[in-house]
Structures are given as structure tokens and as C-alpha cells.
>>> print(open('target01.txt').read())   # compact mmCIF, N, CA and C atoms
# COMPACT_ATOMS: atom_id res chain seq x y z
N MET A 1 99.63 -57.99 -7.71
CA MET A 1 99.15 -58.83 -8.78
C MET A 1 100.29 -59.12 -9.75
N ALA A 2 100.34 -60.34 -10.22
CA ALA A 2 101.41 -60.75 -11.13
C ALA A 2 101.25 -60.07 -12.48
N ASN A 3 102.36 -59.73 -13.09
CA ASN A 3 102.37 -59.12 -14.40
C ASN A 3 102.45 -60.23 -15.44
N MET A 4 101.33 -60.67 -15.96
CA MET A 4 101.28 -61.79 -16.90
C MET A 4 101.10 -61.26 -18.33
N PHE A 5 101.53 -62.05 -19.30
CA PHE A 5 101.25 -61.73 -20.68
C PHE A 5 100.87 -63.01 -21.41
N ASP A 6 100.28 -62.84 -22.56
CA ASP A 6 99.76 -63.94 -23.36
C ASP A 6 100.91 -64.68 -24.04
N LEU A 7 101.08 -65.96 -23.72
CA LEU A 7 102.17 -66.74 -24.30
C LEU A 7 101.94 -67.07 -25.78
N THR A 8 100.71 -66.85 -26.27
CA THR A 8 100.47 -67.07 -27.70
C THR A 8 100.90 -65.86 -28.52
N ASP A 9 101.23 -64.77 -27.86
CA ASP A 9 101.70 -63.56 -28.54
C ASP A 9 102.66 -62.83 -27.59
N VAL A 10 103.89 -63.33 -27.50
CA VAL A 10 104.89 -62.78 -26.59
C VAL A 10 105.17 -61.33 -26.98
N PRO A 11 105.20 -60.43 -26.01
CA PRO A 11 105.44 -59.00 -26.32
C PRO A 11 106.76 -58.77 -27.05
N MET A 12 106.77 -57.74 -27.90
CA MET A 12 107.99 -57.34 -28.58
C MET A 12 108.98 -56.80 -27.54
N VAL A 13 110.25 -56.88 -27.88
CA VAL A 13 111.31 -56.38 -27.00
C VAL A 13 112.25 -55.50 -27.80
N ALA A 14 113.06 -54.75 -27.11
CA ALA A 14 114.07 -53.92 -27.78
C ALA A 14 115.19 -54.82 -28.30
N PRO A 15 115.64 -54.60 -29.53
CA PRO A 15 116.73 -55.43 -30.06
C PRO A 15 117.97 -55.44 -29.17
N GLU A 16 118.27 -54.29 -28.54
CA GLU A 16 119.45 -54.25 -27.69
C GLU A 16 119.28 -55.14 -26.45
N ASP A 17 118.04 -55.33 -25.99
CA ASP A 17 117.82 -56.26 -24.87
C ASP A 17 118.00 -57.70 -25.31
N LEU A 18 117.50 -58.03 -26.51
CA LEU A 18 117.66 -59.39 -27.03
C LEU A 18 119.12 -59.67 -27.38
N ALA A 19 119.88 -58.63 -27.64
CA ALA A 19 121.30 -58.81 -27.94
C ALA A 19 122.09 -59.27 -26.72
N ILE A 20 121.58 -58.99 -25.51
CA ILE A 20 122.30 -59.37 -24.29
C ILE A 20 122.52 -60.88 -24.21
N PRO A 21 121.49 -61.72 -24.30
CA PRO A 21 121.76 -63.16 -24.23
C PRO A 21 122.51 -63.67 -25.46
N MET A 22 122.33 -63.03 -26.62
CA MET A 22 123.09 -63.45 -27.80
C MET A 22 124.57 -63.17 -27.60
N ARG A 23 124.90 -62.04 -26.99
CA ARG A 23 126.33 -61.77 -26.70
C ARG A 23 126.87 -62.82 -25.73
N GLN A 24 126.06 -63.20 -24.75
CA GLN A 24 126.49 -64.23 -23.80
C GLN A 24 126.78 -65.54 -24.54
N LEU A 25 125.91 -65.88 -25.48
CA LEU A 25 126.10 -67.10 -26.27
C LEU A 25 127.36 -67.01 -27.12
N ILE A 26 127.57 -65.86 -27.76
CA ILE A 26 128.73 -65.69 -28.64
C ILE A 26 130.02 -65.72 -27.84
N ARG A 27 130.00 -65.20 -26.63
CA ARG A 27 131.20 -65.21 -25.79
C ARG A 27 131.58 -66.62 -25.34
N GLY A 28 130.62 -67.53 -25.33
CA GLY A 28 130.89 -68.90 -24.90
C GLY A 28 131.81 -69.60 -25.88
N GLU A 29 132.45 -70.64 -25.40
CA GLU A 29 133.41 -71.38 -26.22
C GLU A 29 132.74 -72.12 -27.37
N ARG A 30 131.51 -72.57 -27.17
CA ARG A 30 130.85 -73.40 -28.16
C ARG A 30 129.77 -72.65 -28.90
N ALA A 31 129.95 -71.35 -29.11
CA ALA A 31 128.89 -70.53 -29.69
C ALA A 31 128.45 -71.02 -31.06
N ALA A 32 129.38 -71.28 -31.95
CA ALA A 32 129.01 -71.71 -33.30
C ALA A 32 128.27 -73.04 -33.26
N LEU A 33 128.76 -73.97 -32.47
CA LEU A 33 128.09 -75.27 -32.36
C LEU A 33 126.71 -75.12 -31.72
N ALA A 34 126.60 -74.25 -30.74
CA ALA A 34 125.33 -74.06 -30.06
C ALA A 34 124.29 -73.48 -31.01
N VAL A 35 124.69 -72.52 -31.82
CA VAL A 35 123.75 -71.92 -32.75
C VAL A 35 123.38 -72.91 -33.85
N LEU A 36 124.35 -73.66 -34.33
CA LEU A 36 124.08 -74.59 -35.42
C LEU A 36 123.33 -75.84 -34.98
N TYR A 37 123.64 -76.36 -33.80
CA TYR A 37 123.07 -77.63 -33.39
C TYR A 37 122.19 -77.55 -32.16
N GLY A 38 121.93 -76.34 -31.70
CA GLY A 38 121.08 -76.16 -30.54
C GLY A 38 121.90 -76.14 -29.26
N THR A 39 121.29 -75.58 -28.24
CA THR A 39 121.96 -75.49 -26.95
C THR A 39 121.30 -76.45 -25.99
N GLY A 40 122.08 -76.96 -25.09
CA GLY A 40 121.54 -77.81 -24.05
C GLY A 40 120.88 -76.95 -22.98
N GLU A 41 120.02 -77.56 -22.20
CA GLU A 41 119.32 -76.81 -21.16
C GLU A 41 120.29 -76.19 -20.16
N ALA A 42 121.38 -76.89 -19.85
CA ALA A 42 122.36 -76.34 -18.91
C ALA A 42 123.01 -75.08 -19.47
N ASP A 43 123.34 -75.10 -20.76
CA ASP A 43 123.93 -73.91 -21.40
C ASP A 43 122.95 -72.74 -21.39
N VAL A 44 121.70 -73.02 -21.69
CA VAL A 44 120.69 -71.96 -21.71
C VAL A 44 120.52 -71.37 -20.32
N ARG A 45 120.53 -72.20 -19.30
CA ARG A 45 120.39 -71.72 -17.91
C ARG A 45 121.56 -70.81 -17.52
N LEU A 46 122.76 -71.14 -17.97
CA LEU A 46 123.91 -70.28 -17.68
C LEU A 46 123.78 -68.93 -18.38
N ILE A 47 123.31 -68.96 -19.62
CA ILE A 47 123.11 -67.72 -20.37
C ILE A 47 122.02 -66.88 -19.71
N GLU A 48 120.95 -67.53 -19.27
CA GLU A 48 119.87 -66.80 -18.61
C GLU A 48 120.34 -66.17 -17.30
N ALA A 49 121.15 -66.89 -16.54
CA ALA A 49 121.67 -66.34 -15.28
C ALA A 49 122.54 -65.11 -15.56
N ALA A 50 123.39 -65.20 -16.58
CA ALA A 50 124.23 -64.06 -16.94
C ALA A 50 123.37 -62.90 -17.45
N PHE A 51 122.30 -63.23 -18.17
CA PHE A 51 121.38 -62.19 -18.67
C PHE A 51 120.80 -61.38 -17.51
N TRP A 52 120.33 -62.05 -16.47
CA TRP A 52 119.70 -61.34 -15.35
C TRP A 52 120.70 -60.45 -14.61
N GLN A 53 121.98 -60.79 -14.67
CA GLN A 53 122.99 -59.94 -14.06
C GLN A 53 123.17 -58.64 -14.84
N GLU A 54 122.98 -58.69 -16.15
CA GLU A 54 123.23 -57.52 -17.00
C GLU A 54 121.96 -56.72 -17.32
N PHE A 55 120.81 -57.37 -17.32
CA PHE A 55 119.55 -56.73 -17.72
C PHE A 55 119.04 -55.78 -16.65
N ASN A 56 118.59 -54.59 -17.06
CA ASN A 56 118.12 -53.57 -16.12
C ASN A 56 116.63 -53.31 -16.19
N GLY A 57 115.89 -54.03 -17.03
CA GLY A 57 114.46 -53.79 -17.17
C GLY A 57 113.63 -54.53 -16.14
N ASN A 58 112.30 -54.48 -16.32
CA ASN A 58 111.42 -55.17 -15.38
C ASN A 58 111.38 -56.68 -15.70
N THR A 59 110.86 -57.43 -14.78
CA THR A 59 110.87 -58.89 -14.89
C THR A 59 110.09 -59.38 -16.10
N ALA A 60 108.90 -58.81 -16.34
CA ALA A 60 108.09 -59.25 -17.48
C ALA A 60 108.83 -59.03 -18.80
N ALA A 61 109.49 -57.90 -18.94
CA ALA A 61 110.26 -57.63 -20.16
C ALA A 61 111.42 -58.61 -20.28
N GLY A 62 112.06 -58.94 -19.17
CA GLY A 62 113.16 -59.90 -19.19
C GLY A 62 112.70 -61.29 -19.59
N VAL A 63 111.55 -61.70 -19.09
CA VAL A 63 111.00 -63.01 -19.46
C VAL A 63 110.68 -63.03 -20.96
N ALA A 64 110.12 -61.94 -21.48
CA ALA A 64 109.84 -61.85 -22.91
C ALA A 64 111.13 -61.95 -23.73
N VAL A 65 112.19 -61.29 -23.27
CA VAL A 65 113.48 -61.37 -23.96
C VAL A 65 113.98 -62.81 -23.99
N LEU A 66 113.91 -63.49 -22.86
CA LEU A 66 114.42 -64.86 -22.80
C LEU A 66 113.56 -65.82 -23.62
N LEU A 67 112.26 -65.62 -23.67
CA LEU A 67 111.41 -66.44 -24.54
C LEU A 67 111.78 -66.22 -26.00
N ARG A 68 112.02 -64.98 -26.36
CA ARG A 68 112.42 -64.68 -27.74
C ARG A 68 113.81 -65.24 -28.04
N PHE A 69 114.70 -65.21 -27.07
CA PHE A 69 116.04 -65.78 -27.24
C PHE A 69 115.93 -67.29 -27.51
N ARG A 70 115.13 -67.99 -26.71
CA ARG A 70 114.94 -69.42 -26.92
C ARG A 70 114.34 -69.71 -28.30
N GLY A 71 113.38 -68.87 -28.69
CA GLY A 71 112.77 -69.04 -30.01
C GLY A 71 113.76 -68.81 -31.14
N LEU A 72 114.62 -67.82 -30.98
CA LEU A 72 115.63 -67.52 -32.00
C LEU A 72 116.64 -68.66 -32.11
N ILE A 73 117.08 -69.19 -30.98
CA ILE A 73 118.03 -70.30 -31.01
C ILE A 73 117.41 -71.52 -31.70
N SER A 74 116.14 -71.79 -31.41
CA SER A 74 115.50 -72.95 -32.03
C SER A 74 115.31 -72.73 -33.53
N LEU A 75 115.21 -71.47 -33.98
CA LEU A 75 115.08 -71.19 -35.41
C LEU A 75 116.31 -71.63 -36.20
N PHE A 76 117.47 -71.58 -35.56
CA PHE A 76 118.69 -71.96 -36.28
C PHE A 76 118.74 -73.45 -36.57
N ALA A 77 117.79 -74.22 -36.04
CA ALA A 77 117.68 -75.64 -36.39
C ALA A 77 117.04 -75.83 -37.76
N VAL A 78 116.36 -74.79 -38.26
CA VAL A 78 115.75 -74.84 -39.58
C VAL A 78 116.87 -74.81 -40.62
N ARG A 79 116.86 -75.77 -41.51
CA ARG A 79 117.95 -75.95 -42.46
C ARG A 79 118.27 -74.69 -43.26
N ARG A 80 117.25 -74.00 -43.76
CA ARG A 80 117.51 -72.81 -44.58
C ARG A 80 118.20 -71.70 -43.78
N LEU A 81 117.80 -71.53 -42.53
CA LEU A 81 118.45 -70.50 -41.70
C LEU A 81 119.85 -70.94 -41.29
N ARG A 82 120.01 -72.21 -41.00
CA ARG A 82 121.33 -72.73 -40.65
C ARG A 82 122.29 -72.57 -41.83
N ASP A 83 121.80 -72.83 -43.04
CA ASP A 83 122.64 -72.65 -44.24
C ASP A 83 123.03 -71.18 -44.43
N ARG A 84 122.09 -70.26 -44.18
CA ARG A 84 122.40 -68.83 -44.30
C ARG A 84 123.42 -68.41 -43.26
N LEU A 85 123.32 -68.99 -42.06
CA LEU A 85 124.28 -68.68 -41.01
C LEU A 85 125.68 -69.17 -41.41
N LEU A 86 125.76 -70.35 -41.98
CA LEU A 86 127.05 -70.86 -42.44
C LEU A 86 127.61 -70.00 -43.56
N GLU A 87 126.75 -69.48 -44.41
CA GLU A 87 127.17 -68.64 -45.53
C GLU A 87 127.64 -67.25 -45.06
N LYS A 88 126.89 -66.63 -44.16
CA LYS A 88 127.17 -65.25 -43.76
C LYS A 88 127.93 -65.12 -42.45
N GLY A 89 127.94 -66.16 -41.63
CA GLY A 89 128.65 -66.12 -40.36
C GLY A 89 127.96 -65.21 -39.36
N HIS A 90 128.77 -64.60 -38.49
CA HIS A 90 128.24 -63.76 -37.42
C HIS A 90 127.55 -62.51 -37.95
N ALA A 91 127.77 -62.15 -39.20
CA ALA A 91 127.11 -60.98 -39.77
C ALA A 91 125.59 -61.16 -39.84
N LEU A 92 125.12 -62.39 -39.79
CA LEU A 92 123.69 -62.67 -39.84
C LEU A 92 123.02 -62.51 -38.48
N ILE A 93 123.78 -62.60 -37.41
CA ILE A 93 123.19 -62.61 -36.07
C ILE A 93 122.56 -61.27 -35.71
N GLY A 94 123.21 -60.16 -36.02
CA GLY A 94 122.63 -58.85 -35.72
C GLY A 94 121.28 -58.64 -36.38
N PRO A 95 121.17 -58.85 -37.70
CA PRO A 95 119.85 -58.73 -38.33
C PRO A 95 118.84 -59.75 -37.80
N ALA A 96 119.28 -60.96 -37.48
CA ALA A 96 118.36 -61.96 -36.94
C ALA A 96 117.81 -61.51 -35.59
N VAL A 97 118.65 -60.90 -34.76
CA VAL A 97 118.20 -60.37 -33.47
C VAL A 97 117.18 -59.26 -33.69
N ALA A 98 117.44 -58.37 -34.65
CA ALA A 98 116.51 -57.27 -34.93
C ALA A 98 115.15 -57.80 -35.37
N VAL A 99 115.14 -58.82 -36.20
CA VAL A 99 113.88 -59.41 -36.66
C VAL A 99 113.17 -60.11 -35.51
N ALA A 100 113.91 -60.90 -34.74
CA ALA A 100 113.31 -61.67 -33.65
C ALA A 100 112.75 -60.77 -32.55
N ALA A 101 113.30 -59.59 -32.38
CA ALA A 101 112.83 -58.69 -31.33
C ALA A 101 111.42 -58.18 -31.61
N GLY A 102 111.05 -58.05 -32.88
CA GLY A 102 109.77 -57.46 -33.21
C GLY A 102 108.78 -58.35 -33.91
N MET A 103 109.17 -59.57 -34.22
CA MET A 103 108.27 -60.47 -34.94
C MET A 103 107.34 -61.20 -33.99
N ARG A 104 106.16 -61.56 -34.47
CA ARG A 104 105.20 -62.29 -33.65
C ARG A 104 105.80 -63.62 -33.21
N LEU A 105 105.62 -63.94 -31.92
CA LEU A 105 106.15 -65.18 -31.36
C LEU A 105 105.10 -65.85 -30.50
N ASN A 106 104.86 -67.11 -30.79
CA ASN A 106 104.03 -67.97 -29.95
C ASN A 106 105.00 -68.82 -29.15
N ALA A 107 104.92 -68.75 -27.81
CA ALA A 107 105.90 -69.45 -26.97
C ALA A 107 105.88 -70.95 -27.18
N LYS A 108 104.74 -71.52 -27.51
CA LYS A 108 104.65 -72.97 -27.71
C LYS A 108 105.20 -73.39 -29.07
N TRP A 109 104.84 -72.67 -30.12
CA TRP A 109 105.20 -73.06 -31.48
C TRP A 109 106.45 -72.36 -32.00
N GLY A 110 106.86 -71.28 -31.38
CA GLY A 110 108.05 -70.56 -31.82
C GLY A 110 107.73 -69.58 -32.94
N PHE A 111 108.78 -69.09 -33.57
CA PHE A 111 108.63 -68.18 -34.70
C PHE A 111 108.23 -68.98 -35.93
N ASN A 112 107.52 -68.32 -36.85
CA ASN A 112 107.22 -68.94 -38.13
C ASN A 112 108.49 -68.83 -38.98
N PRO A 113 109.12 -69.95 -39.34
CA PRO A 113 110.40 -69.88 -40.06
C PRO A 113 110.32 -69.15 -41.39
N ASN A 114 109.24 -69.38 -42.16
CA ASN A 114 109.14 -68.71 -43.46
C ASN A 114 109.01 -67.20 -43.30
N THR A 115 108.14 -66.77 -42.40
CA THR A 115 107.97 -65.34 -42.14
C THR A 115 109.26 -64.73 -41.63
N PHE A 116 109.96 -65.45 -40.78
CA PHE A 116 111.24 -64.96 -40.25
C PHE A 116 112.25 -64.77 -41.38
N LEU A 117 112.37 -65.75 -42.26
CA LEU A 117 113.32 -65.65 -43.37
C LEU A 117 112.96 -64.51 -44.32
N TRP A 118 111.68 -64.31 -44.58
CA TRP A 118 111.26 -63.19 -45.44
C TRP A 118 111.61 -61.86 -44.79
N ALA A 119 111.33 -61.73 -43.51
CA ALA A 119 111.64 -60.49 -42.80
C ALA A 119 113.15 -60.25 -42.75
N LEU A 120 113.91 -61.32 -42.56
CA LEU A 120 115.37 -61.21 -42.53
C LEU A 120 115.90 -60.78 -43.90
N ALA A 121 115.37 -61.35 -44.97
CA ALA A 121 115.79 -60.98 -46.32
C ALA A 121 115.44 -59.51 -46.61
N ALA A 122 114.27 -59.08 -46.17
CA ALA A 122 113.87 -57.68 -46.38
C ALA A 122 114.78 -56.73 -45.61
N LEU A 123 115.13 -57.09 -44.38
CA LEU A 123 116.03 -56.25 -43.59
C LEU A 123 117.41 -56.18 -44.22
N GLU A 124 117.90 -57.32 -44.68
CA GLU A 124 119.22 -57.33 -45.31
C GLU A 124 119.22 -56.53 -46.61
N ALA A 125 118.13 -56.61 -47.38
CA ALA A 125 118.04 -55.84 -48.62
C ALA A 125 118.01 -54.35 -48.33
N ARG A 126 117.27 -53.97 -47.29
CA ARG A 126 117.21 -52.56 -46.92
C ARG A 126 118.57 -52.09 -46.44
N ASP A 127 119.25 -52.91 -45.62
CA ASP A 127 120.56 -52.54 -45.09
C ASP A 127 121.61 -52.43 -46.19
N ALA A 128 121.45 -53.21 -47.25
CA ALA A 128 122.44 -53.19 -48.33
C ALA A 128 122.45 -51.83 -49.03
N GLY A 129 121.30 -51.13 -49.01
CA GLY A 129 121.22 -49.85 -49.69
C GLY A 129 121.43 -48.65 -48.79
N GLU A 130 121.61 -48.86 -47.49
CA GLU A 130 121.77 -47.75 -46.55
C GLU A 130 123.17 -47.71 -45.97
N PRO A 131 123.71 -46.53 -45.78
CA PRO A 131 125.00 -46.43 -45.09
C PRO A 131 124.82 -46.78 -43.60
N ALA A 132 125.89 -47.11 -42.95
CA ALA A 132 125.85 -47.53 -41.55
C ALA A 132 125.22 -46.47 -40.65
N ALA A 133 125.49 -45.21 -40.90
CA ALA A 133 124.94 -44.14 -40.05
C ALA A 133 123.41 -44.13 -40.12
N ALA A 134 122.84 -44.40 -41.28
CA ALA A 134 121.39 -44.42 -41.42
C ALA A 134 120.79 -45.60 -40.66
N ARG A 135 121.47 -46.74 -40.65
CA ARG A 135 120.97 -47.90 -39.90
C ARG A 135 120.94 -47.59 -38.41
N LEU A 136 121.94 -46.88 -37.92
CA LEU A 136 121.96 -46.53 -36.50
C LEU A 136 120.85 -45.55 -36.16
N GLU A 137 120.50 -44.67 -37.11
CA GLU A 137 119.40 -43.74 -36.88
C GLU A 137 118.08 -44.48 -36.71
N HIS A 138 117.95 -45.62 -37.35
CA HIS A 138 116.73 -46.42 -37.24
C HIS A 138 116.69 -47.20 -35.95
N GLY A 139 117.68 -47.09 -35.12
CA GLY A 139 117.65 -47.72 -33.81
C GLY A 139 118.20 -49.13 -33.79
N GLU A 140 118.80 -49.59 -34.85
CA GLU A 140 119.34 -50.94 -34.87
C GLU A 140 120.73 -50.93 -34.26
N GLN A 141 120.95 -51.78 -33.32
CA GLN A 141 122.25 -51.89 -32.67
C GLN A 141 122.94 -53.15 -33.16
N ARG A 142 124.16 -53.01 -33.56
CA ARG A 142 124.94 -54.18 -33.95
C ARG A 142 125.49 -54.84 -32.70
N LEU A 143 125.65 -56.13 -32.76
CA LEU A 143 126.17 -56.86 -31.61
C LEU A 143 127.67 -56.62 -31.45
N ALA A 144 128.06 -56.29 -30.27
CA ALA A 144 129.48 -56.15 -29.99
C ALA A 144 129.99 -57.48 -29.46
N ALA A 145 131.00 -58.00 -30.06
CA ALA A 145 131.50 -59.32 -29.69
C ALA A 145 132.18 -59.35 -28.37
>>> encode(input="target01.txt", output="C-alpha cells")
Amino acid sequence: MANMFDLTDVPMVAPEDLAIPMRQLIRGERAALAVLYGTGEADVRLIEAAFWQEFNGNTAAGVAVLLRFRGLISLFAVRRLRDRLLEKGHALIGPAVAVAAGMRLNAKWGFNPNTFLWALAALEARDAGEPAAARLEHGEQRLAA
């Protein structure tokens, strides 16, 4: 029997799993342009193929990761998030991945941009008051370039 899940509420994933396709995107030549202006379907397919080579989980979890990756990339089209990315640079991507891994996602409509920005601001505020060792204890993995 097929392992199906509800596309109106995509399962949460581990941030380190969602970091895999983001690292693939960052390693690409056009990473900044792709995040700021969106990725073409061909670029996304290449990232997905590379993801399956590196990912060790089950297929359903991998599909959930890729749905969340697509949702996260489309979020950067929102002007407020794009402006924050321009302001903070790659330092914003790690917290954005952490938020996207656990936030509610509807595959058709994507992430709620306002809720995402609030969660991102809360995570950044919490991180500002904690030393790096404490953040690692909470299970957050920073993206390795």
C-alpha cells in the first residue's frame, strides 16, 4: 500500500533534511538570483535529483522535504522576506530552514507568509540571546556552505 499523506497539511521534517536541498541551491552558481527571483523548473529538478542522491530517509519523508523546499523557495518571492534576505544575506537561510521544517504547510497554497515572518522573527530574537552552544543543544543545525 502506498504511503500517502495529506497535502493540505504536509508532515514536518527535520531541519537537517530540509537543509540538504538548500545546500544544493547555495552551491549552484545562481543561488542568490534563484532565491530572490525564483527558480526555474529545470533548476528545481536538478536540485531534487541531487537531493535523492544524498537523502537517506524513506520516500514519504523525502517528498515532504521537497514540498517544503518548494514552499520555502516560493516564500522568498514575498517582498518582506526578500528584503530581509537582502539585509541579512545567507545568515537568514539557516533560521528560515528551521522555521520551514516545522511550520504548517499546505502544498497548494504554500506557507502563510505572515506566520512565517513572525516565527522567523521569534527564532532570531531567541537566537540573539543564546550562545551558539545552546542553539546546537536545541537541535538546530546551521547550513554548511
>>> atom_distance(input="target01.txt", atom1="atom N of A:Val99", atom2="atom CA of A:Leu123")
7.9 Å
>>> residues_near_point(input="target01.txt", point="(106.3, -59.0, -34.0)", cutoff="10 Å", atoms="only C-alpha atoms", output="list in words")
Asp9, Val10, Pro11, Met12, Val13, Val99, Ala100, Ala101, Gly102, Met103, Arg104, Leu105, Phe111 and Phe116 of chain A
>>> atom_distance(input="target01.txt", atom1="atom C of A:Ile20", atom2="atom N of A:Phe51")
6.5 Å
>>> atom_distance(input="target01.txt", atom1="atom CA of A:Ala107", atom2="atom CA of A:Thr8")
6.0 Å
>>> closest_residue(input="target01.txt", among="A:Val97, A:Met4, A:Ala14, A:Leu117", to="A:Leu72", atoms="all atoms listed in the file")
A:Val97
